[in-house]
>>> print(open('final_20.cif').read())   # mmCIF, C-alpha atoms and all ligand atoms
data_input
loop_
_atom_site.label_atom_id
_atom_site.label_comp_id
_atom_site.auth_asym_id
_atom_site.auth_seq_id
_atom_site.Cartn_x
_atom_site.Cartn_y
_atom_site.Cartn_z
CA MET A 131 -36.38 -16.30 0.99
CA GLN A 132 -37.22 -19.03 3.39
CA GLU A 133 -36.05 -19.48 6.90
CA LEU A 134 -32.33 -19.94 7.01
CA ASP A 135 -31.16 -22.72 9.18
CA LEU A 136 -28.32 -24.33 7.39
CA LYS A 137 -27.06 -26.65 10.10
CA GLN A 138 -26.37 -30.12 8.75
CA GLU A 139 -27.98 -29.35 5.42
CA LYS A 140 -26.50 -30.95 2.35
CA ALA A 141 -25.66 -28.32 -0.23
CA LEU A 142 -24.80 -27.95 -3.91
CA MET A 143 -22.68 -24.95 -4.89
CA VAL A 144 -23.00 -23.12 -8.19
CA GLY A 145 -20.33 -20.82 -9.63
CA VAL A 146 -20.74 -18.82 -12.80
CA ILE A 147 -17.67 -17.80 -14.78
CA HIS A 148 -18.30 -14.54 -16.58
CA GLY A 149 -16.96 -11.08 -17.21
CA GLU A 150 -13.50 -10.42 -15.80
CA VAL A 151 -13.38 -13.51 -13.64
CA ASP A 152 -11.14 -16.26 -14.98
CA GLU A 153 -11.56 -19.93 -14.32
CA ALA A 154 -8.90 -20.20 -11.63
CA SER A 155 -10.39 -17.40 -9.55
CA ALA A 156 -13.89 -18.80 -10.04
CA TYR A 157 -12.71 -22.04 -8.45
CA GLU A 158 -10.99 -20.19 -5.66
CA HIS A 159 -14.16 -18.24 -5.00
CA LEU A 160 -16.01 -21.54 -4.79
CA GLU A 161 -13.45 -22.86 -2.35
CA GLU A 162 -14.10 -19.88 -0.16
CA LEU A 163 -17.85 -20.36 -0.59
CA GLU A 164 -17.42 -23.92 0.66
CA LEU A 165 -15.59 -22.60 3.73
CA LEU A 166 -18.45 -20.19 4.32
CA ALA A 167 -20.99 -23.01 3.92
CA ASP A 168 -18.95 -25.10 6.27
CA THR A 169 -18.85 -22.34 8.87
CA ALA A 170 -22.63 -22.01 8.59
CA GLY A 171 -22.92 -25.74 9.31
CA ALA A 172 -23.93 -26.96 5.87
CA VAL A 173 -22.26 -29.93 4.19
CA VAL A 174 -21.25 -29.31 0.59
CA VAL A 175 -21.66 -32.46 -1.51
CA GLY A 176 -21.21 -31.08 -5.00
CA GLN A 177 -20.41 -28.11 -7.17
CA ILE A 178 -21.31 -26.92 -10.64
CA THR A 179 -19.47 -24.28 -12.62
CA GLN A 180 -20.75 -22.73 -15.79
CA ARG A 181 -19.11 -20.35 -18.23
CA LEU A 182 -21.55 -17.73 -19.42
CA LYS A 183 -21.36 -14.83 -21.86
CA ASN A 184 -24.61 -13.33 -20.75
CA LEU A 185 -26.44 -13.55 -17.47
CA THR A 186 -30.20 -13.92 -17.70
CA PRO A 187 -32.63 -11.95 -15.54
CA GLN A 188 -34.79 -15.02 -15.04
CA PHE A 189 -32.37 -17.52 -13.50
CA LEU A 190 -28.93 -15.88 -13.84
CA VAL A 191 -28.07 -18.93 -15.97
CA GLY A 192 -30.13 -20.10 -18.95
CA LYS A 193 -33.36 -22.02 -18.40
CA GLY A 194 -31.80 -25.28 -19.60
CA LYS A 195 -28.92 -24.93 -17.14
CA ALA A 196 -31.33 -24.01 -14.36
CA ASP A 197 -33.27 -27.25 -14.96
CA GLN A 198 -30.00 -29.13 -14.94
CA ILE A 199 -28.92 -27.59 -11.63
CA VAL A 200 -32.23 -28.49 -10.00
CA GLY A 201 -32.01 -32.00 -11.49
CA GLN A 202 -28.55 -32.50 -10.07
CA ALA A 203 -29.64 -31.22 -6.68
CA LYS A 204 -32.41 -33.80 -6.59
CA GLU A 205 -30.04 -36.52 -7.71
CA LEU A 206 -27.61 -35.64 -4.93
CA ASP A 207 -30.51 -35.41 -2.51
CA VAL A 208 -29.57 -31.93 -1.31
CA GLN A 209 -31.95 -29.41 0.25
CA LEU A 210 -29.86 -26.36 -0.45
CA ILE A 211 -28.40 -24.68 -3.53
CA ILE A 212 -25.88 -21.92 -2.95
CA PHE A 213 -24.89 -19.47 -5.70
CA ASP A 214 -21.59 -17.66 -5.43
CA ASP A 215 -23.05 -14.77 -7.40
CA ASP A 216 -25.75 -12.49 -6.09
CA LEU A 217 -29.25 -13.51 -7.09
CA THR A 218 -31.82 -10.79 -7.63
CA PRO A 219 -34.99 -11.26 -5.57
CA ALA A 220 -36.73 -12.30 -8.82
CA GLN A 221 -34.08 -14.88 -9.68
CA ALA A 222 -34.27 -16.41 -6.21
CA LYS A 223 -38.06 -16.61 -6.45
CA ASN A 224 -37.96 -18.16 -9.91
CA PHE A 225 -35.52 -20.78 -8.74
CA MET A 226 -37.59 -21.67 -5.74
CA ASN A 227 -40.65 -22.09 -7.94
CA LEU A 228 -38.66 -24.34 -10.21
CA ALA A 229 -37.14 -26.29 -7.37
CA ASP A 230 -40.16 -26.90 -5.16
CA ASN A 231 -38.87 -27.70 -1.71
CA LEU A 232 -35.30 -26.68 -2.25
CA LYS A 233 -33.77 -23.63 -0.64
CA VAL A 234 -31.91 -21.45 -3.12
CA ILE A 235 -29.65 -18.79 -1.64
CA ASP A 236 -26.65 -16.68 -2.62
CA ARG A 237 -23.35 -15.79 -0.96
CA SER A 238 -24.86 -12.77 0.77
CA ALA A 239 -27.57 -14.86 2.43
CA LEU A 240 -24.94 -17.35 3.55
CA ILE A 241 -22.79 -14.63 5.11
CA LEU A 242 -25.84 -13.18 6.83
CA ASP A 243 -26.61 -16.57 8.29
CA ILE A 244 -23.09 -16.95 9.69
CA PHE A 245 -23.31 -13.51 11.25
CA ARG A 246 -26.67 -14.46 12.76
CA GLN A 247 -25.18 -17.60 14.31
CA HIS A 248 -22.10 -15.82 15.66
CA ALA A 249 -23.71 -12.68 17.06
CA ARG A 250 -23.38 -12.59 20.84
CA SER A 251 -23.56 -9.02 22.10
CA ARG A 252 -26.69 -6.87 22.00
CA GLU A 253 -25.01 -4.61 19.47
CA ALA A 254 -24.03 -7.42 17.09
CA LYS A 255 -27.45 -9.04 17.36
CA THR A 256 -29.21 -5.77 16.62
CA GLN A 257 -26.96 -5.05 13.66
CA VAL A 258 -27.37 -8.52 12.19
CA GLU A 259 -31.13 -8.46 12.56
CA LEU A 260 -31.28 -5.10 10.84
CA ALA A 261 -29.16 -6.29 7.92
CA HIS A 262 -31.21 -9.48 7.67
CA LEU A 263 -34.51 -7.62 7.50
CA GLU A 264 -33.20 -5.13 4.94
CA TYR A 265 -32.09 -8.08 2.85
CA LEU A 266 -35.39 -9.84 3.32
CA LEU A 267 -37.70 -6.97 2.49
CA PRO A 268 -37.52 -7.21 -1.31
CA ARG A 269 -37.44 -11.00 -1.15
CA LEU A 270 -40.60 -11.84 0.76
CA THR A 271 -42.54 -14.74 -0.66
CA ARG A 272 -45.69 -16.47 0.40
CA LYS A 273 -43.65 -19.43 1.54
CA TRP A 274 -42.00 -17.30 4.13
CA THR A 275 -43.51 -17.84 7.55
CA HIS A 276 -40.48 -17.15 9.67
CA LEU A 277 -41.47 -13.63 10.59
CA GLU A 278 -44.54 -14.44 12.58
CA ARG A 279 -42.65 -16.78 14.85
CA GLN A 280 -39.75 -14.40 15.27
CA MET A 281 -42.04 -11.53 16.18
CA GLY A 282 -44.20 -13.56 18.50
CA GLY A 283 -47.35 -13.49 16.39
CA ILE A 284 -48.05 -9.78 16.22
CA GLY A 285 -51.45 -9.07 14.72
CA THR A 286 -53.72 -11.60 13.13
CA ARG A 287 -52.89 -13.22 9.88
CA ALA A 288 -55.20 -12.20 7.08
CA GLY A 289 -55.86 -14.56 4.20
CA MET A 290 -52.96 -15.94 2.23
CA GLY A 291 -51.54 -14.18 -0.77
CA GLU A 292 -50.39 -10.67 -1.49
CA THR A 293 -52.30 -9.11 1.40
CA GLN A 294 -50.30 -11.21 3.80
CA ILE A 295 -47.08 -10.16 2.15
CA GLU A 296 -48.12 -6.52 2.54
CA ILE A 297 -48.73 -7.08 6.24
CA ASP A 298 -45.36 -8.78 6.61
CA ARG A 299 -43.69 -5.89 4.82
CA ARG A 300 -45.26 -3.41 7.16
CA LEU A 301 -44.18 -5.42 10.19
CA ILE A 302 -40.64 -5.57 8.87
CA ARG A 303 -40.51 -1.83 8.20
CA THR A 304 -41.70 -1.08 11.72
CA ARG A 305 -39.11 -3.43 13.14
CA ILE A 306 -36.37 -1.89 10.98
CA SER A 307 -37.04 1.59 12.29
CA LYS A 308 -37.07 0.28 15.85
CA LEU A 309 -33.70 -1.42 15.33
CA LYS A 310 -32.25 1.73 13.80
CA LYS A 311 -33.30 3.73 16.84
CA GLU A 312 -31.73 1.14 19.10
CA LEU A 313 -28.46 1.36 17.18
CA ILE A 314 -28.44 5.12 17.57
CA LYS A 315 -28.78 4.59 21.32
CA ILE A 316 -25.93 2.07 21.34
CA ASP A 317 -23.87 4.55 19.35
CA GLN A 318 -24.44 7.27 21.93
CA GLU A 319 -23.34 4.96 24.73
CA ARG A 320 -20.20 4.30 22.73
CA ILE A 321 -19.45 7.99 22.37
CA ILE A 322 -19.59 8.37 26.14
CA GLN A 323 -17.34 5.34 26.65
CA SER A 324 -14.81 6.58 24.12
CA ARG A 325 -14.29 10.01 25.70
CA GLY A 326 -11.46 8.83 27.90
CA ARG A 327 -9.69 7.34 24.91
CA GLN A 328 -9.17 10.65 23.14
CA LYS A 329 -5.60 11.21 24.22
CA PHE A 330 -4.40 7.82 23.09
CA PHE A 331 -3.01 6.97 19.74
CA ARG A 332 -5.53 4.52 18.35
CA ALA A 333 -4.61 1.64 16.06
CA ALA A 334 -7.20 -0.70 14.57
CA LEU A 335 -6.65 -4.20 13.26
CA VAL A 336 -8.55 -4.64 10.03
CA GLY A 337 -8.44 -7.41 7.51
CA TYR A 338 -9.96 -10.34 5.78
CA THR A 339 -11.72 -12.84 7.97
CA ASN A 340 -9.39 -15.54 9.33
CA ALA A 341 -6.25 -13.47 8.61
CA GLY A 342 -5.19 -13.70 12.25
CA LYS A 343 -6.34 -10.34 13.64
CA SER A 344 -7.50 -11.75 16.97
CA THR A 345 -4.38 -13.90 17.31
CA LEU A 346 -2.29 -10.76 16.86
CA MET A 347 -4.45 -8.86 19.32
CA ASN A 348 -3.89 -11.57 21.93
CA ALA A 349 -0.16 -11.70 21.20
CA LEU A 350 0.29 -7.96 21.68
CA SER A 351 -1.97 -7.48 24.69
CA ASP A 352 -3.45 -9.40 27.55
CA ALA A 353 -6.72 -9.74 25.66
CA ASP A 354 -8.41 -13.08 25.48
CA VAL A 355 -10.22 -12.72 22.19
CA TYR A 356 -11.84 -15.79 20.68
CA VAL A 357 -9.59 -17.31 18.02
CA GLN A 358 -10.91 -19.95 15.69
CA ASP A 359 -10.03 -21.42 12.34
CA GLN A 360 -13.41 -20.41 11.06
CA LEU A 361 -14.81 -17.39 9.29
CA PHE A 362 -16.21 -14.47 11.27
CA ALA A 363 -15.18 -15.74 14.68
CA THR A 364 -15.14 -12.12 15.82
CA LEU A 365 -18.19 -9.88 15.38
CA ASP A 366 -17.60 -7.38 18.16
CA THR A 367 -14.88 -4.87 18.81
CA THR A 368 -12.37 -5.41 21.61
CA ILE A 369 -10.03 -2.61 22.70
CA ARG A 370 -6.86 -3.04 24.76
CA GLN A 371 -4.02 -0.82 25.78
CA VAL A 372 -0.62 -1.86 24.45
CA ASP A 373 2.49 -0.30 25.96
CA ILE A 374 5.27 -0.25 23.41
CA ASN A 375 7.49 1.64 25.85
CA ASP A 376 7.14 4.39 28.44
CA SER A 377 6.42 7.11 25.93
CA HIS A 378 4.46 5.09 23.39
CA GLN A 379 1.17 3.65 24.49
CA ILE A 380 -1.55 2.81 22.08
CA LEU A 381 -5.09 1.58 22.14
CA LEU A 382 -5.43 -1.39 19.85
CA SER A 383 -8.80 -2.59 18.57
CA ASP A 384 -9.80 -5.88 17.01
CA THR A 385 -13.02 -6.08 15.10
CA VAL A 386 -15.14 -7.95 12.59
CA GLY A 387 -13.34 -9.24 9.50
CA PHE A 388 -14.16 -8.58 5.88
CA VAL A 389 -14.85 -10.95 3.01
CA ARG A 390 -15.37 -10.72 -0.73
CA LYS A 391 -18.90 -9.53 -1.48
CA LEU A 392 -19.68 -8.64 2.08
CA PRO A 393 -23.35 -7.68 1.78
CA HIS A 394 -23.86 -3.96 1.59
CA ASP A 395 -26.61 -4.11 4.21
CA LEU A 396 -24.22 -5.73 6.65
CA VAL A 397 -21.52 -3.13 6.16
CA ALA A 398 -24.11 -0.41 6.60
CA SER A 399 -25.59 -1.86 9.77
CA PHE A 400 -22.18 -2.66 11.28
CA ARG A 401 -21.26 1.00 11.22
CA SER A 402 -21.23 1.31 15.00
CA THR A 403 -19.01 -1.75 15.43
CA LEU A 404 -16.69 -0.35 12.78
CA LYS A 405 -16.60 3.07 14.43
CA GLU A 406 -13.28 2.24 16.05
CA VAL A 407 -11.82 1.74 12.57
CA VAL A 408 -13.22 5.02 11.32
CA ASP A 409 -11.82 6.90 14.33
CA ALA A 410 -8.42 5.23 14.38
CA ASP A 411 -5.15 7.09 13.85
CA LEU A 412 -3.61 4.07 12.17
CA LEU A 413 -5.03 1.01 10.45
CA LEU A 414 -3.07 -2.22 10.63
CA LEU A 415 -4.14 -4.07 7.50
CA VAL A 416 -3.63 -7.71 8.43
CA LEU A 417 -3.24 -10.05 5.48
CA ASP A 418 -2.86 -13.82 5.38
CA ALA A 419 0.44 -14.04 3.50
CA SER A 420 -0.04 -17.76 2.94
CA SER A 421 -3.22 -17.29 0.91
CA PRO A 422 -2.93 -17.35 -2.89
CA GLN A 423 -5.71 -14.74 -2.82
CA VAL A 424 -3.73 -12.23 -0.80
CA LEU A 425 -3.97 -9.51 -3.47
CA GLU A 426 -7.69 -9.96 -3.88
CA HIS A 427 -8.06 -9.86 -0.09
CA TYR A 428 -6.16 -6.60 -0.01
CA ASN A 429 -8.47 -5.12 -2.65
CA THR A 430 -11.54 -6.29 -0.77
CA ILE A 431 -10.30 -4.62 2.40
CA LYS A 432 -9.62 -1.40 0.53
CA ASN A 433 -13.12 -1.46 -0.95
CA VAL A 434 -14.85 -1.97 2.38
CA LEU A 435 -12.73 0.77 3.91
CA GLU A 436 -13.85 3.11 1.12
CA GLU A 437 -17.41 2.13 1.85
CA ILE A 438 -17.12 3.18 5.49
CA ALA A 439 -15.22 6.36 4.60
CA ALA A 440 -11.91 5.15 6.04
CA GLY A 441 -10.20 4.71 2.68
CA ASP A 442 -7.50 7.33 3.00
CA LYS A 443 -6.48 6.69 6.58
CA ARG A 444 -2.86 6.13 7.45
CA SER A 445 -2.25 2.40 7.21
CA LEU A 446 0.44 -0.20 7.66
CA ILE A 447 0.29 -3.55 5.91
CA VAL A 448 0.98 -6.54 8.12
CA LEU A 449 1.69 -9.78 6.30
CA ASN A 450 0.76 -12.43 8.83
CA LYS A 451 1.21 -16.23 8.83
CA ILE A 452 4.64 -15.80 7.31
CA ASP A 453 5.57 -19.08 9.04
CA LEU A 454 3.46 -20.83 6.42
CA VAL A 455 5.26 -19.28 3.45
CA GLU A 456 8.15 -21.54 2.53
CA ASP A 457 8.48 -20.88 -1.17
CA MET A 458 11.11 -18.17 -1.76
CA GLN A 459 9.42 -17.14 -4.97
CA VAL A 460 6.16 -16.47 -3.16
CA LEU A 461 8.05 -14.53 -0.51
CA ASN A 462 9.72 -12.36 -3.14
CA GLN A 463 6.44 -11.75 -4.85
CA LEU A 464 4.93 -10.60 -1.57
CA LYS A 465 7.85 -8.23 -1.04
CA GLN A 466 7.31 -6.82 -4.50
CA SER A 467 3.56 -6.36 -4.09
CA PHE A 468 3.81 -4.93 -0.59
CA PRO A 469 7.23 -3.27 -0.31
CA ASP A 470 6.40 -1.41 2.92
CA ALA A 471 4.77 -4.31 4.71
CA VAL A 472 5.93 -5.85 7.97
CA MET A 473 6.10 -9.64 7.85
CA ILE A 474 5.14 -11.44 11.02
CA SER A 475 3.72 -14.59 12.50
CA ALA A 476 1.20 -13.78 15.18
CA LEU A 477 0.91 -17.45 16.09
CA ASP A 478 4.65 -18.01 16.58
CA LYS A 479 5.16 -14.46 17.88
CA LEU A 480 7.73 -13.85 15.17
CA ARG A 481 8.95 -10.32 14.42
CA LEU A 482 6.33 -8.66 16.58
CA ASP A 483 9.04 -6.25 17.76
CA GLU A 484 9.50 -5.13 14.15
CA LEU A 485 5.81 -4.40 13.97
CA LEU A 486 5.86 -2.41 17.21
CA LYS A 487 8.86 -0.43 15.98
CA SER A 488 7.01 0.50 12.80
CA ILE A 489 3.98 1.57 14.79
CA GLN A 490 6.21 3.62 17.05
CA SER A 491 7.78 5.54 14.19
CA ILE A 492 4.38 6.24 12.65
CA MET A 493 3.28 7.51 16.05
CA ASP A 494 6.28 9.82 16.20
CA GLU A 495 5.40 11.16 12.78
CA SER A 496 1.80 11.74 13.66
CA PHE A 497 2.42 13.31 17.04
CA GLN A 498 3.14 17.01 16.97
CA THR A 499 4.88 19.24 19.46
CA VAL A 500 3.86 22.91 19.44
CA GLU A 501 4.11 25.98 21.63
CA VAL A 502 0.88 27.79 22.41
CA ASP A 503 -0.19 30.87 24.35
CA ILE A 504 -3.50 30.47 26.08
CA PRO A 505 -5.30 33.26 27.90
CA PHE A 506 -6.64 32.34 31.35
CA THR A 507 -10.07 33.28 30.09
CA ASP A 508 -9.97 30.20 27.86
CA GLY A 509 -10.35 27.67 30.65
CA LYS A 510 -11.95 25.18 28.32
CA THR A 511 -8.87 24.84 26.11
CA ILE A 512 -6.54 24.73 29.12
CA SER A 513 -8.39 21.84 30.68
CA GLU A 514 -8.68 20.09 27.33
CA ILE A 515 -4.91 20.22 26.98
CA GLN A 516 -4.37 18.98 30.50
CA ASP A 517 -6.74 16.08 29.93
CA ASP A 518 -5.60 14.99 26.50
CA MET A 519 -1.97 15.92 26.00
CA ASP A 520 1.54 15.81 27.34
CA VAL A 521 2.57 19.22 28.63
CA LEU A 522 6.33 19.36 28.21
CA HIS A 523 6.84 22.90 29.46
CA ARG A 524 4.70 25.54 31.17
CA GLU A 525 5.37 29.22 31.78
CA TYR A 526 2.96 31.76 33.25
CA TYR A 527 2.63 35.36 32.20
CA ASN A 528 0.12 38.04 33.16
CA GLU A 529 -2.82 37.13 31.01
CA GLY A 530 -2.21 33.49 30.48
CA VAL A 531 0.07 30.54 30.15
CA ARG A 532 2.59 29.51 27.49
CA MET A 533 2.81 25.76 27.06
CA THR A 534 4.80 23.32 24.97
CA ILE A 535 2.43 20.49 24.26
CA LYS A 536 2.72 17.14 22.53
CA GLY A 537 -0.14 15.04 21.26
CA PRO A 538 -1.78 13.38 18.28
CA SER A 539 -1.76 15.73 15.28
CA ARG A 540 -5.53 15.74 14.98
CA LYS A 541 -5.86 16.96 18.59
CA ILE A 542 -3.14 19.57 18.19
CA GLN A 543 -4.84 20.88 15.06
CA LYS A 544 -8.12 21.11 16.92
CA ILE A 545 -6.51 23.10 19.74
CA LEU A 546 -4.78 25.44 17.29
CA GLY A 547 -8.12 25.96 15.55
CA GLN A 548 -9.74 26.92 18.86
CA LEU A 549 -7.05 29.51 19.56
CA THR A 550 -7.38 31.51 16.36
N1 LIG A 601 0.20 -20.64 10.90
C1 LIG A 601 -0.32 -19.53 11.42
N2 LIG A 601 -1.62 -19.52 11.77
C2 LIG A 601 -2.13 -18.38 12.29
C3 LIG A 601 -1.35 -17.21 12.48
N3 LIG A 601 -2.14 -16.25 13.00
C4 LIG A 601 -3.36 -16.80 13.15
N4 LIG A 601 -3.37 -18.09 12.72
C5 LIG A 601 -4.52 -19.02 12.72
O1 LIG A 601 -5.52 -18.53 11.83
C6 LIG A 601 -6.82 -18.83 12.32
C7 LIG A 601 -7.65 -17.56 12.41
O2 LIG A 601 -7.12 -16.73 13.40
P1 LIG A 601 -7.97 -15.56 14.08
O3 LIG A 601 -7.03 -14.79 14.92
O4 LIG A 601 -9.21 -16.07 14.69
O5 LIG A 601 -8.33 -14.72 12.77
P2 LIG A 601 -9.24 -13.41 12.66
O6 LIG A 601 -8.60 -12.54 11.63
O7 LIG A 601 -9.46 -12.80 14.01
O8 LIG A 601 -10.59 -14.04 12.08
P3 LIG A 601 -12.14 -13.58 12.26
O9 LIG A 601 -12.34 -13.04 13.63
O10 LIG A 601 -12.86 -14.86 12.04
O11 LIG A 601 -12.40 -12.59 11.18
C8 LIG A 601 -6.61 -19.51 13.67
O12 LIG A 601 -6.67 -20.90 13.47
C9 LIG A 601 -5.21 -19.08 14.07
O13 LIG A 601 -4.56 -19.99 14.91
C10 LIG A 601 0.05 -17.27 12.09
O14 LIG A 601 0.81 -16.33 12.20
N5 LIG A 601 0.48 -18.45 11.57
MG MG A 602 -11.13 -12.53 15.08
#
>>> encode(input="final_20.cif", output="structure tokens", more="lines below")
Ligand SMILES: Nc1nc2c(ncn2[C@@H]2O[C@H](COP(=O)(O)OP(=O)(O)OP(=O)(O)O)[C@@H](O)[C@H]2O)c(=O)[nH]1
Ligand SMILES: [Mg+2]
Amino acid sequence: MQELDLKQEKALMVGVIHGEVDEASAYEHLEELELLADTAGAVVVGQITQRLKNLTPQFLVGKGKADQIVGQAKELDVQLIIFDDDLTPAQAKNFMNLADNLKVIDRSALILDIFRQHARSREAKTQVELAHLEYLLPRLTRKWTHLERQMGGIGTRAGMGETQIEIDRRLIRTRISKLKKELIKIDQERIIQSRGRQKFFRAALVGYTNAGKSTLMNALSDADVYVQDQLFATLDTTIRQVDINDSHQILLSDTVGFVRKLPHDLVASFRSTLKEVVDADLLLLVLDASSPQVLEHYNTIKNVLEEIAAGDKRSLIVLNKIDLVEDMQVLNQLKQSFPDAVMISALDKLRLDELLKSIQSIMDESFQTVEVDIPFTDGKTISEIQDDMDVLHREYYNEGVRMTIKGPSRKIQKILGQLT
């Protein structure tokens, strides 16, 4: 893989129709790919689709088609070919040999590039660099000279050829382990920061990129999260307190969005950013109701949640951008597919009270009230309760105190476990 700087580059997109994917979805995937390319700063000037029974290990498509793709790229005078499907490192190399000075990348590389451009915080930058290097490692070619510049010319360059690639690989591995250590450090800082949040009910906004998560965050709280009609506007996690009423306060988090074929390396390295999702009591799955792909988006979200071990968390589906859905048939279909969903418009602040009511009743379900007897000798549990829970009633007896306490079920269970 060569250096990725896609700003202003003219691009040709290639979509392969195979397996389960039908033609309509292949075109929709290409539309999304164009949006991704656009977000990265490239200018798409053409697209090729090809129906294939079998994929080839050499070029993904057949050799004849590969020649044709390269020919068309030259004709259109583009510098960049973007495949919607994943290319193996070998396929990418073969294409670049065939295409001389053209860059040939896949959807994953494109997404990585957008993340690289949008990363602002130390955490996001570290995570993106880690994912980028993991992606790069099996794809190093002799043409790749990016590393030396990025690392400020560590070591001396040996002769060209395989030896140099070996040296680059070693540099990358060293860098990867350094980044991993740094992420562990960031993670520890986060644990310290999150201690005070234990007693709150925590809700996390999760969803496809551009679904309106940040808009909803801003509408419900005084947050000022960056909202843009572009993909992956948000890469960090923002947390705000939202007071539904006197007895129902939540911490709401807004974080990085998901997309179809989100590279595995990215998901893995964004673990610390996604921690808030993993620790949440409730996931608000925000969907763009106006997208014809809403079902596919939902499945993508579910898959990523599985991947980060948050698949069976309590969740509430929020169909956003309902202001854009005018067709009654579409509306009915949505109701059928997502019978328990809350329909809102974050932009027009429509039906946000419905959403808050639903959150409130889920909170009531997941808060428990119990009566416990705690001996004075167990000072640790007593102070834990006082820090983290509502004490509704307190009565002293000789050896201890009897309390009626109310709090998130997971905390109550923990306390009960400590007492037995
Ligand atoms: N019509 C309409 N547009 C909306 C609504 N909610 C959000 N948008 C628009 O959708 C675009 C994306 O909104 P964001 O809030 O940035 O979406 P996000 O889910 O945070 O996206 P990323 O952070 O990029 O993953 C913006 O142009 C918003 O103005 C809505 O309810 N109706
Ligand atoms: Mg956002």
>>> closest_residue(input="final_20.cif", among="A:Tyr356, A:Phe225, A:Tyr157, A:Phe245", to="ligand LIG 601 (chain A)", atoms="all atoms listed in the file")
A:Tyr356
>>> atom_distance(input="final_20.cif", atom1="atom P1 of ligand LIG 601 (chain A)", atom2="CA of Glu437 (chain A)")
23.5 Å
>>> closest_residue(input="final_20.cif", among="A:Val174, A:Val355, A:Ile297, A:Ile489", to="Phe331 (chain A)", atoms="only C-alpha atoms")
A:Ile489
>>> residues_near_ligand(input="final_20.cif", ligand="ligand MG 602 (chain A)", cutoff="7 Å", atoms="only C-alpha atoms and all ligand atoms", output="list of chain:residue names")
A:Asn340, A:Gly342, A:Lys343, A:Ser344, A:Tyr356, A:Val357, A:Phe362, A:Ala363, A:Thr364, A:Thr385, A:Val386, A:Gly387
>>> axis_aligned_box(input="final_20.cif", around="region 215-222 of chain A", padding_each_side="3 Å", output="lines of an AutoDock Vina configuration file")
center_x = -29.9
center_y = -13.6
center_z = -7.6
size_x = 19.7
size_y = 11.6
size_z = 10.1
>>> atom_distance(input="final_20.cif", atom1="CA of Arg444 (chain A)", atom2="CA of Leu413 (chain A)")
6.3 Å
>>> closest_residue(input="final_20.cif", among="A:Lys544, A:Arg181, A:Arg401, A:His248", to="ligand LIG 601 (chain A)", atoms="only C-alpha atoms and all ligand atoms")
A:His248
>>> residues_around(input="final_20.cif", residues="region 421-426 of chain A", least_positions_apart="4", cutoff="9 Å", atoms="all atoms listed in the file", output="list in words")
Ser155, Glu158, Arg390, Leu417, Thr430, Ile431, Leu464 and Ser467 of chain A
>>> atom_distance(input="final_20.cif", atom1="CA of Val151 (chain A)", atom2="CA of Gln202 (chain A)")
24.6 Å
>>> residues_around(input="final_20.cif", residues="Leu454 (chain A)", least_positions_apart="6", cutoff="10 Å", atoms="all atoms listed in the file", output="mmCIF file with C-alpha atoms, keeping the file's coordinate frame")
data_model
loop_
_atom_site.group_PDB
_atom_site.id
_atom_site.type_symbol
_atom_site.label_atom_id
_atom_site.label_comp_id
_atom_site.auth_asym_id
_atom_site.auth_seq_id
_atom_site.Cartn_x
_atom_site.Cartn_y
_atom_site.Cartn_z
ATOM 1 C CA ASP A 418 -2.860 -13.820 5.380
ATOM 2 C CA ALA A 419 0.440 -14.040 3.500
ATOM 3 C CA SER A 420 -0.040 -17.760 2.940
ATOM 4 C CA SER A 421 -3.220 -17.290 0.910
ATOM 5 C CA SER A 475 3.720 -14.590 12.500
#
>>> build_atoms(input="final_20.cif", residues="region 180-188 of chain A", atoms="N, CA and C atoms", output="PDB file, keeping the file's coordinate frame")
ATOM      1  N   GLN A 180     -20.208 -22.949 -14.461  1.00  0.00           N
ATOM      2  CA  GLN A 180     -20.750 -22.730 -15.790  1.00  0.00           C
ATOM      3  C   GLN A 180     -20.153 -21.462 -16.370  1.00  0.00           C
ATOM      4  N   ARG A 181     -19.599 -21.553 -17.571  1.00  0.00           N
ATOM      5  CA  ARG A 181     -19.110 -20.350 -18.230  1.00  0.00           C
ATOM      6  C   ARG A 181     -20.251 -19.690 -18.983  1.00  0.00           C
ATOM      7  N   LEU A 182     -20.434 -18.416 -18.790  1.00  0.00           N
ATOM      8  CA  LEU A 182     -21.550 -17.730 -19.420  1.00  0.00           C
ATOM      9  C   LEU A 182     -21.111 -16.405 -20.045  1.00  0.00           C
ATOM     10  N   LYS A 183     -21.617 -16.141 -21.251  1.00  0.00           N
ATOM     11  CA  LYS A 183     -21.360 -14.830 -21.860  1.00  0.00           C
ATOM     12  C   LYS A 183     -22.318 -13.812 -21.275  1.00  0.00           C
ATOM     13  N   ASN A 184     -23.578 -14.241 -21.240  1.00  0.00           N
ATOM     14  CA  ASN A 184     -24.610 -13.330 -20.750  1.00  0.00           C
ATOM     15  C   ASN A 184     -25.340 -13.929 -19.563  1.00  0.00           C
ATOM     16  N   LEU A 185     -25.629 -13.095 -18.599  1.00  0.00           N
ATOM     17  CA  LEU A 185     -26.440 -13.550 -17.470  1.00  0.00           C
ATOM     18  C   LEU A 185     -27.904 -13.286 -17.814  1.00  0.00           C
ATOM     19  N   THR A 186     -28.786 -14.157 -17.383  1.00  0.00           N
ATOM     20  CA  THR A 186     -30.200 -13.920 -17.700  1.00  0.00           C
ATOM     21  C   THR A 186     -30.926 -13.386 -16.466  1.00  0.00           C
ATOM     22  N   PRO A 187     -31.899 -12.499 -16.686  1.00  0.00           N
ATOM     23  CA  PRO A 187     -32.630 -11.950 -15.540  1.00  0.00           C
ATOM     24  C   PRO A 187     -33.517 -12.985 -14.862  1.00  0.00           C
ATOM     25  N   GLN A 188     -33.852 -14.058 -15.616  1.00  0.00           N
ATOM     26  CA  GLN A 188     -34.790 -15.020 -15.040  1.00  0.00           C
ATOM     27  C   GLN A 188     -34.126 -15.926 -13.992  1.00  0.00           C
TER      28      GLN A 188
END
